[in-house]
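**Q** My structure is stored as structure05.txt, with compact mmCIF, C-alpha atoms and all ligand atoms.
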```
# COMPACT_ATOMS: atom_id res chain seq x y z
CA MET E 27 15.30 51.32 -4.22
CA ILE E 28 17.06 54.66 -4.70
CA PRO E 29 18.65 56.75 -1.94
CA LEU E 30 16.59 59.63 -0.57
CA GLU E 31 19.22 62.15 -1.68
CA ASP E 32 18.99 60.99 -5.31
CA ALA E 33 15.22 61.38 -5.30
CA LEU E 34 15.47 64.82 -3.75
CA GLU E 35 18.11 65.93 -6.23
CA LYS E 36 15.93 64.91 -9.17
CA ILE E 37 12.99 66.80 -7.73
CA LEU E 38 14.99 69.96 -7.02
CA ASN E 39 16.57 69.86 -10.49
CA THR E 40 13.11 69.90 -12.06
CA VAL E 41 11.26 72.39 -9.89
CA PRO E 42 11.89 76.02 -10.93
CA VAL E 43 12.30 79.17 -8.86
CA LEU E 44 9.13 81.15 -9.58
CA GLY E 45 8.76 84.59 -11.15
CA PHE E 46 8.33 87.96 -9.45
CA GLU E 47 5.44 90.05 -8.23
CA ASN E 48 5.31 93.59 -6.92
CA LYS E 49 3.14 93.97 -3.85
CA PRO E 50 2.64 96.03 -0.67
CA ILE E 51 5.56 95.47 1.69
CA LEU E 52 3.43 94.09 4.50
CA SER E 53 1.95 91.34 2.37
CA ALA E 54 5.47 90.43 1.20
CA LEU E 55 6.32 89.11 4.69
CA GLY E 56 8.04 85.74 4.26
CA GLN E 57 8.75 86.21 0.57
CA VAL E 58 12.17 86.49 -1.00
CA LEU E 59 13.36 89.81 -2.42
CA ALA E 60 13.81 89.65 -6.19
CA GLU E 61 16.09 92.69 -6.43
CA ASP E 62 18.66 94.60 -4.41
CA VAL E 63 17.34 97.51 -2.38
CA VAL E 64 19.64 100.56 -2.62
CA ALA E 65 19.19 103.52 -0.27
CA GLN E 66 18.47 106.82 -2.01
CA PHE E 67 19.28 108.90 1.09
CA ASP E 68 20.96 108.73 4.49
CA ILE E 69 19.25 107.32 7.57
CA PRO E 70 19.11 109.15 9.88
CA PRO E 71 18.70 111.98 7.34
CA HIS E 72 20.29 114.47 9.78
CA ASP E 73 22.25 114.50 13.03
CA ASN E 74 19.65 114.20 15.77
CA SER E 75 19.27 113.80 19.48
CA ALA E 76 19.26 110.37 21.11
CA MET E 77 17.87 111.83 24.37
CA ASP E 78 15.51 114.43 25.73
CA GLY E 79 17.80 117.20 26.99
CA PHE E 80 19.72 120.28 25.96
CA ALA E 81 21.72 120.70 22.76
CA VAL E 82 25.06 122.27 23.58
CA ARG E 83 28.55 122.99 22.33
CA ALA E 84 30.54 120.37 24.24
CA CYS E 85 33.38 122.86 24.69
CA ASP E 86 31.03 125.08 26.74
CA THR E 87 30.52 122.31 29.31
CA TYR E 88 34.01 120.98 30.05
CA SER E 89 34.18 122.38 33.56
CA ALA E 90 30.58 121.57 34.54
CA ALA E 91 30.07 119.70 37.86
CA GLN E 92 27.27 119.02 40.35
CA GLN E 93 28.63 121.58 42.75
CA SER E 94 29.60 124.17 40.15
CA PRO E 95 27.16 124.08 37.22
CA ILE E 96 27.80 125.87 33.96
CA TYR E 97 24.87 128.15 33.20
CA LEU E 98 23.70 128.44 29.59
CA LYS E 99 21.03 130.69 28.10
CA VAL E 100 18.06 128.72 26.71
CA ILE E 101 17.32 130.28 23.31
CA GLY E 102 14.71 127.89 21.96
CA GLU E 103 13.17 124.43 21.87
CA VAL E 104 12.96 121.77 19.14
CA ALA E 105 10.81 118.65 19.09
CA ALA E 106 11.01 115.56 16.83
CA GLY E 107 9.48 116.30 13.45
CA HIS E 108 10.42 119.99 13.63
CA THR E 109 13.50 121.92 12.63
CA THR E 110 14.91 125.11 14.02
CA SER E 111 16.87 127.88 12.34
CA ILE E 112 18.39 128.88 15.67
CA ARG E 113 22.19 128.61 15.74
CA ILE E 114 23.87 127.78 19.03
CA LYS E 115 26.65 130.14 19.91
CA ALA E 116 28.94 130.20 22.92
CA GLY E 117 27.00 130.19 26.18
CA THR E 118 23.63 129.23 24.66
CA THR E 119 21.55 126.04 24.42
CA VAL E 120 18.31 124.73 22.89
CA ARG E 121 15.93 122.37 24.70
CA ILE E 122 15.70 119.29 22.47
CA MET E 123 13.57 116.12 22.29
CA THR E 124 14.65 112.64 21.17
CA GLY E 125 14.79 112.42 17.38
CA ALA E 126 14.79 116.18 16.81
CA PRO E 127 17.48 117.47 14.42
CA LEU E 128 20.48 118.92 16.18
CA PRO E 129 20.51 122.74 15.82
CA ALA E 130 23.45 124.26 13.95
CA GLY E 131 26.43 124.92 16.17
CA ALA E 132 25.57 122.15 18.69
CA ASP E 133 27.65 118.96 18.83
CA ALA E 134 26.29 117.22 21.94
CA VAL E 135 23.16 116.73 24.02
CA VAL E 136 23.08 116.84 27.82
CA ARG E 137 20.13 114.84 29.07
CA PHE E 138 17.64 116.41 31.47
CA GLU E 139 18.93 114.32 34.39
CA ASN E 140 22.32 116.02 34.08
CA THR E 141 20.85 119.52 34.29
CA ASP E 142 19.14 121.42 37.08
CA GLU E 143 15.85 121.70 35.15
CA THR E 144 13.75 119.65 37.61
CA GLU E 145 15.15 121.55 40.55
CA ARG E 146 14.43 124.87 38.84
CA LYS E 147 10.84 123.83 38.15
CA LYS E 148 10.40 122.82 41.80
CA GLN E 149 11.76 126.12 43.01
CA ASN E 150 9.88 128.17 40.38
CA LYS E 151 13.14 129.56 39.08
CA PRO E 152 13.24 131.02 35.54
CA LEU E 153 13.77 128.46 32.80
CA ASP E 154 15.53 130.73 30.31
CA ILE E 155 18.75 129.77 32.07
CA ILE E 156 19.79 126.13 32.64
CA GLY E 157 22.56 124.69 34.80
CA ILE E 158 24.64 121.90 33.22
CA LEU E 159 25.85 119.49 35.94
CA GLU E 160 28.18 117.22 33.95
CA PRO E 161 30.57 117.85 31.10
CA ALA E 162 29.60 116.58 27.64
CA THR E 163 32.01 115.27 25.06
CA ALA E 164 31.51 115.92 21.36
CA GLN E 165 28.79 113.64 19.88
CA LEU E 166 27.43 112.63 23.29
CA ASN E 167 23.80 111.52 22.83
CA VAL E 168 23.92 112.39 19.13
CA ARG E 169 22.89 110.03 16.37
CA LEU E 170 24.89 110.94 13.31
CA LYS E 171 23.45 111.48 9.85
CA GLY E 172 23.83 108.25 7.87
CA GLU E 173 25.05 106.19 10.83
CA ASP E 174 22.50 103.44 10.06
CA ILE E 175 22.25 103.64 6.27
CA ARG E 176 24.26 105.67 3.74
CA ALA E 177 22.84 106.96 0.47
CA GLY E 178 23.91 104.54 -2.27
CA GLN E 179 24.34 101.61 0.10
CA THR E 180 22.76 98.24 -0.79
CA VAL E 181 20.78 97.61 2.37
CA LEU E 182 18.96 94.43 1.40
CA THR E 183 20.24 92.06 -1.22
CA LYS E 184 18.31 90.07 -3.78
CA GLY E 185 17.51 86.67 -2.25
CA THR E 186 16.82 88.00 1.26
CA LEU E 187 13.83 86.47 3.02
CA LEU E 188 11.68 89.42 4.08
CA LEU E 189 11.15 89.38 7.82
CA PRO E 190 9.81 92.19 10.01
CA ALA E 191 13.17 94.03 10.25
CA GLY E 192 13.61 93.98 6.47
CA ILE E 193 10.08 95.25 5.99
CA GLY E 194 10.93 98.03 8.45
CA ILE E 195 13.98 98.98 6.38
CA LEU E 196 11.89 99.10 3.20
CA ALA E 197 9.42 101.36 5.02
CA SER E 198 12.19 103.57 6.45
CA LEU E 199 13.36 104.17 2.89
CA GLY E 200 9.84 105.20 1.94
CA ASN E 201 8.92 102.09 -0.09
CA GLU E 202 5.26 101.11 -0.21
CA ASN E 203 5.88 98.07 -2.41
CA ALA E 204 8.53 95.42 -2.89
CA THR E 205 9.37 93.09 -5.76
CA VAL E 206 9.49 89.54 -4.47
CA ILE E 207 9.37 85.97 -5.74
CA ARG E 208 5.75 84.91 -5.76
CA ARG E 209 4.41 82.09 -3.64
CA PRO E 210 3.69 78.78 -5.37
CA VAL E 211 0.11 77.69 -5.90
CA VAL E 212 0.09 73.97 -5.17
CA SER E 213 -2.91 71.81 -6.06
CA VAL E 214 -3.76 68.88 -3.82
CA LEU E 215 -5.51 65.76 -5.05
CA SER E 216 -6.34 62.69 -2.96
CA THR E 217 -7.00 59.45 -4.78
CA GLY E 218 -8.92 56.36 -3.72
CA ASP E 219 -12.39 54.80 -4.05
CA GLU E 220 -12.53 54.47 -0.26
CA LEU E 221 -12.27 58.19 0.45
CA CYS E 222 -15.13 60.33 1.66
CA PRO E 223 -14.89 64.11 1.93
CA ALA E 224 -15.22 65.72 5.38
CA GLY E 225 -18.77 66.85 6.09
CA LYS E 226 -20.46 63.92 4.30
CA PRO E 227 -21.71 60.81 6.11
CA LEU E 228 -19.37 57.81 5.79
CA ALA E 229 -20.69 54.91 3.71
CA SER E 230 -19.64 51.42 4.74
CA GLY E 231 -16.07 50.65 3.77
CA GLN E 232 -15.18 54.33 3.47
CA ILE E 233 -12.74 56.48 5.42
CA TYR E 234 -12.51 60.22 5.55
CA ASP E 235 -9.92 61.91 3.37
CA SER E 236 -7.34 63.33 5.76
CA ASN E 237 -4.37 63.63 3.40
CA SER E 238 -5.88 66.59 1.51
CA TYR E 239 -5.87 68.45 4.78
CA THR E 240 -2.46 67.50 6.17
CA ILE E 241 -0.91 68.20 2.77
CA ALA E 242 -2.72 71.53 2.27
CA ALA E 243 -1.86 72.58 5.83
CA ASN E 244 1.80 71.78 5.27
CA ILE E 245 1.79 73.67 1.96
CA ALA E 246 0.49 76.73 3.79
CA ARG E 247 2.95 76.16 6.64
CA TYR E 248 5.89 76.20 4.27
CA GLY E 249 4.70 79.29 2.46
CA GLY E 250 2.75 77.95 -0.52
CA ILE E 251 -0.85 78.56 -1.48
CA ALA E 252 -2.80 75.31 -1.29
CA ARG E 253 -5.67 74.56 -3.62
CA ILE E 254 -7.62 71.45 -2.72
CA ILE E 255 -9.00 69.76 -5.82
CA GLY E 256 -10.81 67.01 -3.94
CA ILE E 257 -10.92 63.26 -4.41
CA GLY E 258 -10.11 61.32 -7.55
CA ARG E 259 -11.58 57.85 -7.91
CA ASP E 260 -9.46 54.88 -8.97
CA THR E 261 -10.62 55.08 -12.58
CA LEU E 262 -8.87 56.46 -15.61
CA ALA E 263 -11.60 59.00 -16.35
CA SER E 264 -11.89 60.32 -12.82
CA LEU E 265 -8.15 60.70 -12.34
CA GLN E 266 -7.71 62.42 -15.70
CA GLU E 267 -10.53 64.82 -14.99
CA LYS E 268 -9.19 65.76 -11.56
CA ILE E 269 -5.56 66.04 -12.62
CA ARG E 270 -6.61 68.46 -15.36
CA LEU E 271 -7.99 70.75 -12.65
CA GLY E 272 -4.49 71.10 -11.24
CA LEU E 273 -2.69 71.90 -14.48
CA ASP E 274 -2.82 75.68 -14.07
CA SER E 275 -0.99 75.59 -10.75
CA ASP E 276 2.75 75.61 -10.04
CA MET E 277 2.82 72.06 -8.73
CA LEU E 278 0.44 69.17 -8.20
CA ILE E 279 0.68 66.93 -5.17
CA THR E 280 -1.36 63.75 -5.22
CA SER E 281 -1.59 61.15 -2.51
CA GLY E 282 -2.39 57.47 -2.84
CA GLY E 283 -2.33 55.17 -5.79
CA VAL E 284 1.42 54.67 -5.88
CA SER E 285 1.67 51.46 -3.87
CA LYS E 286 1.49 48.06 -5.57
CA GLY E 287 -2.33 47.64 -5.45
CA ASP E 288 -3.53 50.54 -7.58
CA TYR E 289 -0.21 51.45 -9.08
CA ASP E 290 -1.06 50.57 -12.66
CA ILE E 291 -3.99 52.86 -13.24
CA VAL E 292 -2.25 55.90 -11.80
CA LYS E 293 0.85 55.00 -13.74
CA ASP E 294 -1.10 54.85 -17.00
CA VAL E 295 -2.86 58.15 -16.41
CA LEU E 296 0.32 59.95 -15.45
CA ALA E 297 2.28 58.51 -18.36
CA GLN E 298 -0.45 59.69 -20.76
CA MET E 299 -0.50 63.17 -19.30
CA GLY E 300 3.22 63.75 -18.92
CA ASN E 301 6.48 62.27 -17.92
CA ILE E 302 6.47 60.31 -14.71
CA SER E 303 8.96 58.12 -12.89
CA PHE E 304 7.94 55.80 -10.10
CA TRP E 305 10.55 55.25 -7.47
CA THR E 306 10.92 53.20 -4.41
CA VAL E 307 13.01 55.28 -2.06
CA ARG E 308 15.20 53.72 0.60
CA MET E 309 13.15 55.19 3.44
CA LYS E 310 10.48 54.18 5.93
CA PRO E 311 7.74 55.15 6.07
CA GLY E 312 7.17 56.36 2.53
CA LYS E 313 8.89 53.92 0.22
CA PRO E 314 6.81 54.36 -2.96
CA ILE E 315 6.64 57.79 -4.53
CA ALA E 316 6.12 59.14 -8.02
CA PHE E 317 7.64 62.23 -9.52
CA GLY E 318 7.60 63.89 -12.90
CA THR E 319 6.01 66.60 -14.95
CA LEU E 320 2.55 66.92 -16.45
CA LYS E 321 1.77 68.74 -19.70
CA GLY E 322 -0.18 71.94 -19.13
CA ALA E 323 -1.53 74.56 -21.53
CA ASN E 324 0.96 76.19 -23.97
CA GLY E 325 3.61 73.55 -23.44
CA ARG E 326 3.97 74.41 -19.78
CA GLU E 327 5.29 71.59 -17.58
CA ILE E 328 3.87 71.21 -14.11
CA PRO E 329 5.92 69.30 -11.55
CA HIS E 330 3.93 66.49 -10.00
CA LEU E 331 4.75 64.73 -6.77
CA GLY E 332 2.82 61.55 -6.06
CA LEU E 333 2.98 60.79 -2.36
CA PRO E 334 1.98 57.47 -0.80
CA GLY E 335 -1.54 57.26 0.58
CA ASN E 336 -0.85 56.18 4.12
CA PRO E 337 -1.37 59.31 6.23
CA VAL E 338 2.01 59.24 7.98
CA SER E 339 3.90 58.19 4.84
CA SER E 340 2.41 61.12 2.98
CA MET E 341 3.40 63.52 5.76
CA ILE E 342 6.95 62.26 6.07
CA THR E 343 7.54 62.19 2.32
CA PHE E 344 6.05 65.68 2.20
CA GLU E 345 8.65 66.78 4.75
CA GLN E 346 11.53 65.23 2.83
CA PHE E 347 10.50 66.11 -0.75
CA ALA E 348 7.59 68.56 -1.03
CA ARG E 349 8.89 71.00 1.55
CA PRO E 350 12.27 71.50 -0.18
CA ALA E 351 10.46 71.83 -3.52
CA ILE E 352 8.12 74.52 -2.18
CA LEU E 353 11.03 76.37 -0.58
CA LYS E 354 12.95 76.24 -3.87
CA MET E 355 9.98 77.68 -5.78
CA ARG E 356 9.90 80.49 -3.22
CA GLY E 357 13.58 81.20 -3.86
CA ILE E 358 14.83 79.63 -0.62
CA SER E 359 17.66 77.18 -1.20
CA ARG E 360 18.37 76.41 2.43
CA HIS E 361 16.03 73.53 3.12
CA ILE E 362 18.03 71.45 5.59
CA ARG E 363 16.17 71.30 8.86
CA PRO E 364 17.95 71.97 12.13
CA VAL E 365 19.30 68.62 13.37
CA ILE E 366 20.21 67.70 16.95
CA SER E 367 21.65 64.53 18.48
CA ALA E 368 19.39 62.84 21.01
CA ALA E 369 19.21 59.55 22.92
CA ILE E 370 16.30 57.42 21.69
CA ASP E 371 14.18 55.75 24.41
CA GLN E 372 13.05 52.64 22.51
CA GLU E 373 14.46 49.90 20.35
CA ILE E 374 13.96 50.40 16.60
CA ILE E 375 14.54 47.47 14.25
CA ASN E 376 15.67 48.27 10.72
CA ASP E 377 15.21 44.97 8.89
CA ASP E 378 15.53 46.04 5.26
CA ALA E 379 18.29 48.65 5.34
CA ARG E 380 16.11 51.70 4.82
CA ARG E 381 16.41 55.12 6.44
CA ILE E 382 13.81 55.06 9.19
CA PHE E 383 12.13 58.27 10.33
CA VAL E 384 10.87 57.75 13.87
CA ARG E 385 8.23 60.10 15.27
CA VAL E 386 9.68 61.47 18.49
CA HIS E 387 9.25 64.21 21.01
CA VAL E 388 12.62 65.71 21.90
CA SER E 389 13.27 67.37 25.22
CA ARG E 390 16.36 68.61 27.01
CA THR E 391 17.49 66.75 30.11
CA GLU E 392 20.50 67.12 32.41
CA ASP E 393 22.26 64.47 30.27
CA GLY E 394 21.53 66.15 26.94
CA TRP E 395 18.68 65.75 24.48
CA LYS E 396 16.27 62.86 24.85
CA ALA E 397 14.01 61.58 22.04
CA SER E 398 10.83 59.85 23.22
CA VAL E 399 8.99 57.77 20.65
CA THR E 400 5.46 59.22 20.46
CA GLY E 401 3.55 55.99 19.90
CA PRO E 402 3.05 53.11 17.47
CA GLN E 403 5.00 53.68 14.27
CA GLY E 404 2.63 52.15 11.71
CA SER E 405 2.39 54.33 8.61
CA GLY E 406 -1.35 54.74 9.16
CA ILE E 407 -1.05 55.88 12.79
CA LEU E 408 -1.49 59.63 12.43
CA THR E 409 -1.94 60.22 16.16
CA SER E 410 1.75 59.49 16.80
CA MET E 411 2.54 62.39 14.44
CA THR E 412 0.57 64.95 16.45
CA GLY E 413 2.84 64.78 19.49
CA ALA E 414 6.05 64.65 17.47
CA ASN E 415 8.35 67.66 17.29
CA GLY E 416 11.08 65.74 15.53
CA LEU E 417 11.94 62.81 13.28
CA ALA E 418 14.74 60.63 14.66
CA ILE E 419 16.75 59.00 11.90
CA VAL E 420 17.93 55.39 12.01
CA PRO E 421 20.50 55.22 9.17
CA GLU E 422 20.25 52.68 6.36
CA ASP E 423 23.28 50.74 7.66
CA TRP E 424 22.01 50.37 11.25
CA PRO E 425 20.09 47.12 11.62
CA LEU E 426 19.08 48.09 15.12
CA ALA E 427 18.91 51.15 17.34
CA ARG E 428 18.95 50.34 21.05
CA PRO E 429 17.47 52.46 23.83
CA GLY E 430 20.09 55.07 24.75
CA ASP E 431 21.65 55.13 21.27
CA ILE E 432 22.31 58.63 20.01
CA LEU E 433 20.41 59.43 16.82
CA LYS E 434 20.21 62.53 14.68
CA VAL E 435 16.80 64.17 14.96
CA GLN E 436 15.33 66.52 12.37
CA LEU E 437 13.44 69.20 14.25
CA LEU E 438 9.97 69.75 12.84
CA ASP E 439 9.07 72.67 15.00
CA ASP E 440 10.78 75.35 12.98
CA THR E 441 8.47 78.31 12.79
CA GLU E 442 10.66 80.44 10.50
CA GLU E 443 9.44 78.56 7.46
CA ALA E 444 5.86 79.11 8.53
CA LEU E 445 6.18 82.44 6.75
P1 LIG Y 501 -2.67 53.79 -1.37
O1 LIG Y 501 -1.33 54.44 -1.41
O2 LIG Y 501 -3.65 54.47 -2.26
O3 LIG Y 501 -2.61 52.32 -1.58
O4 LIG Y 501 -3.21 54.02 0.09
C1 LIG Y 501 -2.55 53.45 1.22
C2 LIG Y 501 -3.41 53.58 2.45
O5 LIG Y 501 -3.61 54.94 2.75
C3 LIG Y 501 -4.80 52.99 2.33
O6 LIG Y 501 -5.12 52.37 3.55
C4 LIG Y 501 -5.66 54.19 2.11
O7 LIG Y 501 -6.98 53.99 2.55
C5 LIG Y 501 -4.97 55.26 2.89
N1 LIG Y 501 -5.25 56.54 2.29
C6 LIG Y 501 -5.03 56.84 1.00
N2 LIG Y 501 -5.40 58.10 0.72
C7 LIG Y 501 -5.85 58.63 1.91
C8 LIG Y 501 -6.38 59.88 2.27
N3 LIG Y 501 -6.50 60.88 1.39
N4 LIG Y 501 -6.74 60.08 3.55
C9 LIG Y 501 -6.61 59.08 4.46
N5 LIG Y 501 -6.12 57.87 4.17
C10 LIG Y 501 -5.75 57.62 2.89
MG MG Y 502 -5.48 54.09 -3.08
```
Represent the structure contained in this file as structure tokens.

**A**
Amino acid sequence: MIPLEDALEKILNTVPVLGFENKPILSALGQVLAEDVVAQFDIPPHDNSAMDGFAVRACDTYSAAQQSPIYLKVIGEVAAGHTTSIRIKAGTTVRIMTGAPLPAGADAVVRFENTDETERKKQNKPLDIIGILEPATAQLNVRLKGEDIRAGQTVLTKGTLLLPAGIGILASLGNENATVIRRPVVSVLSTGDELCPAGKPLASGQIYDSNSYTIAANIARYGGIARIIGIGRDTLASLQEKIRLGLDSDMLITSGGVSKGDYDIVKDVLAQMGNISFWTVRMKPGKPIAFGTLKGANGREIPHLGLPGNPVSSMITFEQFARPAILKMRGISRHIRPVISAAIDQEIINDDARRIFVRVHVSRTEDGWKASVTGPQGSGILTSMTGANGLAIVPEDWPLARPGDILKVQLLDDTEEAL
């Protein structure tokens, strides 16, 4: 048996970061930028008002007060999206809306609430004069040219995961498209004579293929593009035929056929078609897995991950190995899940020194985090996976975890990667 970390390292050393594509910024959500984004101009492009009010020379307003307003002559109005050629001179002002460029000569904005405008309107007084009720200091309510972004500044660096704010920055710089690392296309193949595809009646001795769906759903969840090939039978010809269908993708994930029973046939097929190692990994569930590369067209090598067939084993090995591989292909190197410490509520026996991943539901209590085991832990019991929001880890060197023992829990409910 090899340690989980060794298996993961071998996988990550083989799987490449994928190439680039240029696409509309909105559809690049959740993809990693392939180049730096440098601003070609300032944002804001000009000094502008942060409030609806009156653009003034601050020095004209120093002695303004509620009881003794300073009266300024209103010589124009400017709304967002418009400019004005009016220059503000001593004793004059321009009515201004939020976002409108500051007229020449002005250095501050007095908001409506600090003028007598409402009162004047009520009393039908002329509006070509306005009373300022509070003094303004220079730059009050002014957003300065370039205060967010300066021309020449690198605003987003290569390697950034594009989230809504980053997409907003690209848009604010006028970009319609972005160059990003493309998403991996991952083919999914289930193997086993007992498997029946969803939608067909079950023959006796058959079970429905669920792994294709959990695996494809997780591929999509972690930002890949899943392509379900279907079901390969436990014969040389069937497996070869189906594996070939996955050779134009970025990665092939199979499930089943790696445990002792049908190990040989899969091993032969994979050895013929590429370079495959079979490992037993010091973990539970999910001890047997296969990993290697398959030969594609033009000498291309396609990484292949062979997960165990048991539904929970395939999910947990997916979490530990396929997820980091997909993230790496997407250009994301941070694959460690958030981990918390929580008190387990049941005894877990670790009789052969493996790392046990226990399906738990974590919740916060007055005494800290609690991890409740979600049900029977057999590697075929998929229902105990549905209520789990974490995997509690019993380390290899713990023969026993007792109720109340504090375990590390990998949190599964991490929506950021869903992009
Ligand atoms: P294997 O690794 O092929 O020996 O399969 C181990 C167990 O997982 C067997 O009980 C299989 O029936 C079950 N199994 C394998 N593949 C699937 C699948 N695609 N969907 C549901 N169960 C499966
Ligand atoms: Mg099988």

**Q** When you look at region 150-158 of chain E with a cut-off of 9 Å (counting all atoms listed in the file), what residues show up, excluding the ones that are within fewer than 4 positions of it in the same chain? I need them as a ChimeraX atom specification.

**A** /E:80,87,90-92,94-102,118-119,136,140-143,145-146

**Q** How about saving the chosen residues, C-alpha atoms kept, as a PDB file, in the frame of the given file?

**A**
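So the final result, stored in part29.pdb, reads:
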```pdb
ATOM      1  CA  PHE E  80      19.720 120.280  25.960  1.00  0.00           C
ATOM      2  CA  THR E  87      30.520 122.310  29.310  1.00  0.00           C
ATOM      3  CA  ALA E  90      30.580 121.570  34.540  1.00  0.00           C
ATOM      4  CA  ALA E  91      30.070 119.700  37.860  1.00  0.00           C
ATOM      5  CA  GLN E  92      27.270 119.020  40.350  1.00  0.00           C
ATOM      6  CA  SER E  94      29.600 124.170  40.150  1.00  0.00           C
ATOM      7  CA  PRO E  95      27.160 124.080  37.220  1.00  0.00           C
ATOM      8  CA  ILE E  96      27.800 125.870  33.960  1.00  0.00           C
ATOM      9  CA  TYR E  97      24.870 128.150  33.200  1.00  0.00           C
ATOM     10  CA  LEU E  98      23.700 128.440  29.590  1.00  0.00           C
ATOM     11  CA  LYS E  99      21.030 130.690  28.100  1.00  0.00           C
ATOM     12  CA  VAL E 100      18.060 128.720  26.710  1.00  0.00           C
ATOM     13  CA  ILE E 101      17.320 130.280  23.310  1.00  0.00           C
ATOM     14  CA  GLY E 102      14.710 127.890  21.960  1.00  0.00           C
ATOM     15  CA  THR E 118      23.630 129.230  24.660  1.00  0.00           C
ATOM     16  CA  THR E 119      21.550 126.040  24.420  1.00  0.00           C
ATOM     17  CA  VAL E 136      23.080 116.840  27.820  1.00  0.00           C
ATOM     18  CA  ASN E 140      22.320 116.020  34.080  1.00  0.00           C
ATOM     19  CA  THR E 141      20.850 119.520  34.290  1.00  0.00           C
ATOM     20  CA  ASP E 142      19.140 121.420  37.080  1.00  0.00           C
ATOM     21  CA  GLU E 143      15.850 121.700  35.150  1.00  0.00           C
ATOM     22  CA  GLU E 145      15.150 121.550  40.550  1.00  0.00           C
ATOM     23  CA  ARG E 146      14.430 124.870  38.840  1.00  0.00           C
TER      24      ARG E 146
END
```

**Q** Using all atoms listed in the file, which residue out of E:Gly192, E:Ala60, E:Pro337, E:Val388 lies closest to Tyr234 (chain E)?

**A**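 Nearest candidate to Tyr234 (chain E) out of E:Gly192, E:Ala60, E:Pro337, E:Val388: E:Pro337.
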
**Q** Which protein, DNA or RNA residues have an atom within 8 Å of ligand MG 502 (chain Y), counting only C-alpha atoms and all ligand atoms, as a ChimeraX atom specification?

**A** /E:217-220,260,282-285,287-288,335

**Q** E:Pro402, E:Gly178, E:Pro350, E:Gly312: which is nearest ligand LIG 501 (chain Y), counting all atoms listed in the file?

**A** E:Gly312

**Q** Which neighbours of Val386 (chain E) fall inside 7 Å, counting all atoms listed in the file, when residues of the same chain fewer than 4 positions from it are skipped, and could you give them as a JSON list (two decimals) with C-alpha atoms, in the frame of the given file?

**A**
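What follows is the written file out07.json:
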```json
[["chain", "number", "residue", "atom", "x", "y", "z"],
["E", 397, "ALA", "CA", 14.01, 61.58, 22.04],
["E", 398, "SER", "CA", 10.83, 59.85, 23.22],
["E", 399, "VAL", "CA", 8.99, 57.77, 20.65],
["E", 400, "THR", "CA", 5.46, 59.22, 20.46],
["E", 414, "ALA", "CA", 6.05, 64.65, 17.47],
["E", 415, "ASN", "CA", 8.35, 67.66, 17.29],
["E", 416, "GLY", "CA", 11.08, 65.74, 15.53],
["E", 417, "LEU", "CA", 11.94, 62.81, 13.28],
["E", 418, "ALA", "CA", 14.74, 60.63, 14.66]]
```

**Q** Using Å and a single decimal, report how far CA of Ile358 (chain E) sits from CA of Gln57 (chain E).

**A** 9.0 Å

**Q** CA of Ala243 (chain E) and CA of Phe344 (chain E), how far apart in Å?

**A**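 Separating CA of Phe344 (chain E) from CA of Ala243 (chain E) is a distance of 11.1 Å.
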
**Q** List all protein, DNA and RNA residues that have at least one atom no more than 10 Å from any atom of ligand LIG 501 (chain Y), counting only C-alpha atoms and all ligand atoms, and write them as number ranges by chain.

**A** E: 214-223, 231-241, 256-258, 260, 280-289, 292, 312, 314-315, 332-340, 405-406, 408
